[in-house]
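Enquirer: I have a structure here, written as structure tokens, and I will follow up with some questions on it.
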Amino acid sequence: MTSFEGVKIFKGLENVAIAETSLSYINGEKGRLVYRGIPVEVLAEKASFEEVAFLLWFGYLPNRKELDDLIRFMADSRDIHPEIEDHIARLPNKAHPMDVLRSCVSLFGVFEDLQASHDELQRAARITAKLPTIVSYHYRLSRGMKPVPPDKTLDHASNFYYMITGEKPDEEISKLMNSILILHAEQGLNASTFTAMVIASTLSDMYSSITGAIGALKGPLHGGANEKVIDMIEEIGTPENVESYVEKALKEKRKIPGFGHRVYKTYDPRSKVLKEYARKLSLKMNDAKYFPIAEKLEKVVVEKLAHKKIFPNVDLYSGIVYKLLGFPKEIYTAIFAIARVVGWTAHVIEYTKSNKIIRPCGVYVGPMNAEYIPLEARE
Ligand SMILES: CC(=O)SCCNC(=O)CCNC(=O)[C@H](O)C(C)(C)COP(=O)(O)OP(=O)(O)OC[C@H]1O[C@@H](n2cnc3c(N)ncnc32)[C@H](O)[C@@H]1OP(=O)(O)O
Ligand SMILES: O=C([O-])CC(=O)C(=O)O
């Protein structure tokens with residue numbers, strides 16, 4: 001922290017609280033994450049994605065009827081406007097799924113009459129319901145495959161798997177898909193959630209907030225790191241190369257994707273759960289490449305950087321899970337968005353209930369009393 005003319009500068013807003021929230025609690029020293037009081041590991045093991053979405057949006061666990069109503073509402077909301085479908089078909093095949101998602105959520109806002117419904121919770125559920133449809137339609141169309149329309153008999157996570165692969169998941173995969181989305185659904189005022197809140201704080205609309213949040217999540221320092229981890233593992237090639245790769249990266253002062261976190265100063269609790277999913281899937285799929293490299297990376301990086309409190313984050317093992325489930329690398333960050341949209345929308349709704357426009361300040365360090373030189377006189 002530095003200060004100038006009595007104004008303190010908190011670079012990157014580190015340790016600055018801007019609001020109270022009852023959505024999630026993170027203890028960065030102990031590696032704890034709870035959603036509305038319930039540990040994320042418990043939710044990942046026992047709950048469905050829709051149950052967790054309800055918990056985050058409404059503040060309590062739903063009863064059977066409330067859950068069934070949400071499941072039905074989301075299943076009925078998965079279709080996208082035909083003009084948006086046409087738009088997706090016209091986008092370049094090589095467009096990044098996060099760019100496609102960002103553009104399409106923005107378009108939703110064009111098609112919805114924002115004045116017609118003031119129910120922000122319904123709007124949140126509708127946006128959440130549609131994100132998998134956009135990602136899967138673009139993925140399949142861009143590879144010359146027919147889109148798979150949503151199946152109302154499947155839950156949200158299983159339906160996403162089905163729309164990407166064209167195959168209905170068995171019980172084990174369906175459970176895994178739910179758990180992965182739950183683990184990514186919420187994490188306090190991270191960069192993308194904060195982006196959504198900044199936009200919402202001007203009393204703009206939810207589509208604008210989510211469009212901005214998707215743009216923020218895309219960056220490699222945030223959600224984009226899960227794709228970078230797979231690039232890195234492929235570049236490393238074998239566990240024997242890990243040590244030299246890490247040494248070179250540190251010498252060149254490069255950040256190693258999948259490690260480090262603004263809040264967690266120990267193991268991210270989600271990385272421990274995802275590591276076990278990756279381990280089990282590697283055995284099931286008979287894959288001896290990705291998991292051993294990631295595990296060796298974890299060992300070497302922790303040995304070298306634990307003194308700086310650098311440990312695995314949520315992105316180290318998630319990409320391996322997606323890879324082994326058969327998902328193409330380009331959609332890994334979009335899968336993060338499909339889950340995190342619940343946290344984004346829940347924070348927007350919570351914050352705007354007692355809204356104050358978010359407007360920090362910068363400390364001016366440029367020249368004072370500079371002369372205006374006429375254009376013709378400039379060199
Ligand atoms: C879903 C998520 O967003 S989780 C994060 C996903 N992002 C990544 O995995 C990208 C790699 N990680 C990083 O870039 C960072 O750790 C961030 C962006 C996540 C957190 O950044 P900050 O809290 O600002 O920490 P900052 O970048 O200042 O790092 C502090 C120190 O640790 C080092 N460090 C942090 N992360 C790493 C890393 N992944 N590899 C090597 N060194 C690292 C920094 O070089 C710095 O060292 P120094 O004090 O000697 O200069
Ligand atoms: O909390 C953060 O800064 C990053 C994030 O979104 C996460 O770890 O899920």
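Starting from 1 in every chain, residues are counted up; chains themselves are A, B, ... following the order of the structure tokens, and ligands are numbered from 1 as listed.
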I'd like the neighbourhood of stretch 275-283 of chain A as a PyMOL selection string, where a residue qualifies if any of its atoms comes within 9 Å (using only C-alpha atoms), though same-chain residues fewer than 6 positions away should be ignored.
Expert: chain A and resi 176+289-292+295+316-322+324-325
Enquirer: Enumerate residues in contact with ligand 2: an atom-to-atom distance of at most 9 Å, counting only C-alpha atoms and all ligand atoms. Format the result as a list in words.
Expert: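 Protein and nucleic-acid residues within 9 Å of ligand 2: Ile26, Leu183, His184, Ala185, Glu186, Gln187, Gly188, Leu189, Asn190, Ala191, Ser192, Thr193, Leu217, Leu221, His222, Gly223, His261, Arg262, Val263, Tyr264, Asp268, Arg270, Asn313, Val314, Asp315, Phe336 and Arg340 of chain A.
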Enquirer: Please compute the atom CA of A:Lys265-atom CA of A:Lys299 distance, one decimal, in Å.
Expert: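 Separation of atom CA of A:Lys265 and atom CA of A:Lys299: 16.1 Å.
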Enquirer: Find the distance between atom 49 (O, counted along the ligand's line) of ligand 1 and atom CA of A:Asn27 and write it in Å to one decimal.
Expert: 20.9 Å
Enquirer: Could you give me, as a ChimeraX atom specification, the residues within 8 Å of stretch 136-144 of chain A, counting only C-alpha atoms and dropping anything in the same chain fewer than 3 positions from it?
Expert: /A:85,88-89,92-94,97,100,132-133,147-148,160,163-164
Enquirer: Next, dump the selected residues to file, keeping only C-alpha atoms, as a short mmCIF file (atom, residue, chain, number, x, y, z; two decimals), in the first residue's frame.
Expert:
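File produced: again-v1.cif:
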```
data_model
loop_
_atom_site.label_atom_id
_atom_site.label_comp_id
_atom_site.auth_asym_id
_atom_site.auth_seq_id
_atom_site.Cartn_x
_atom_site.Cartn_y
_atom_site.Cartn_z
CA GLU A 85 -28.93 -19.44 -33.20
CA ILE A 88 -23.92 -18.34 -33.75
CA ALA A 89 -23.94 -20.16 -37.10
CA PRO A 92 -16.14 -17.69 -37.36
CA ASN A 93 -15.46 -21.36 -36.54
CA LYS A 94 -12.28 -20.34 -34.78
CA PRO A 97 -16.18 -19.82 -26.93
CA VAL A 100 -19.14 -16.27 -28.40
CA PRO A 132 -24.67 -24.27 -22.02
CA THR A 133 -26.87 -24.09 -25.13
CA PRO A 147 -26.32 -29.03 -32.70
CA VAL A 148 -27.93 -31.28 -30.11
CA PHE A 160 -24.61 -29.72 -20.97
CA MET A 163 -25.34 -31.25 -25.82
CA ILE A 164 -21.53 -31.27 -26.23
#
```
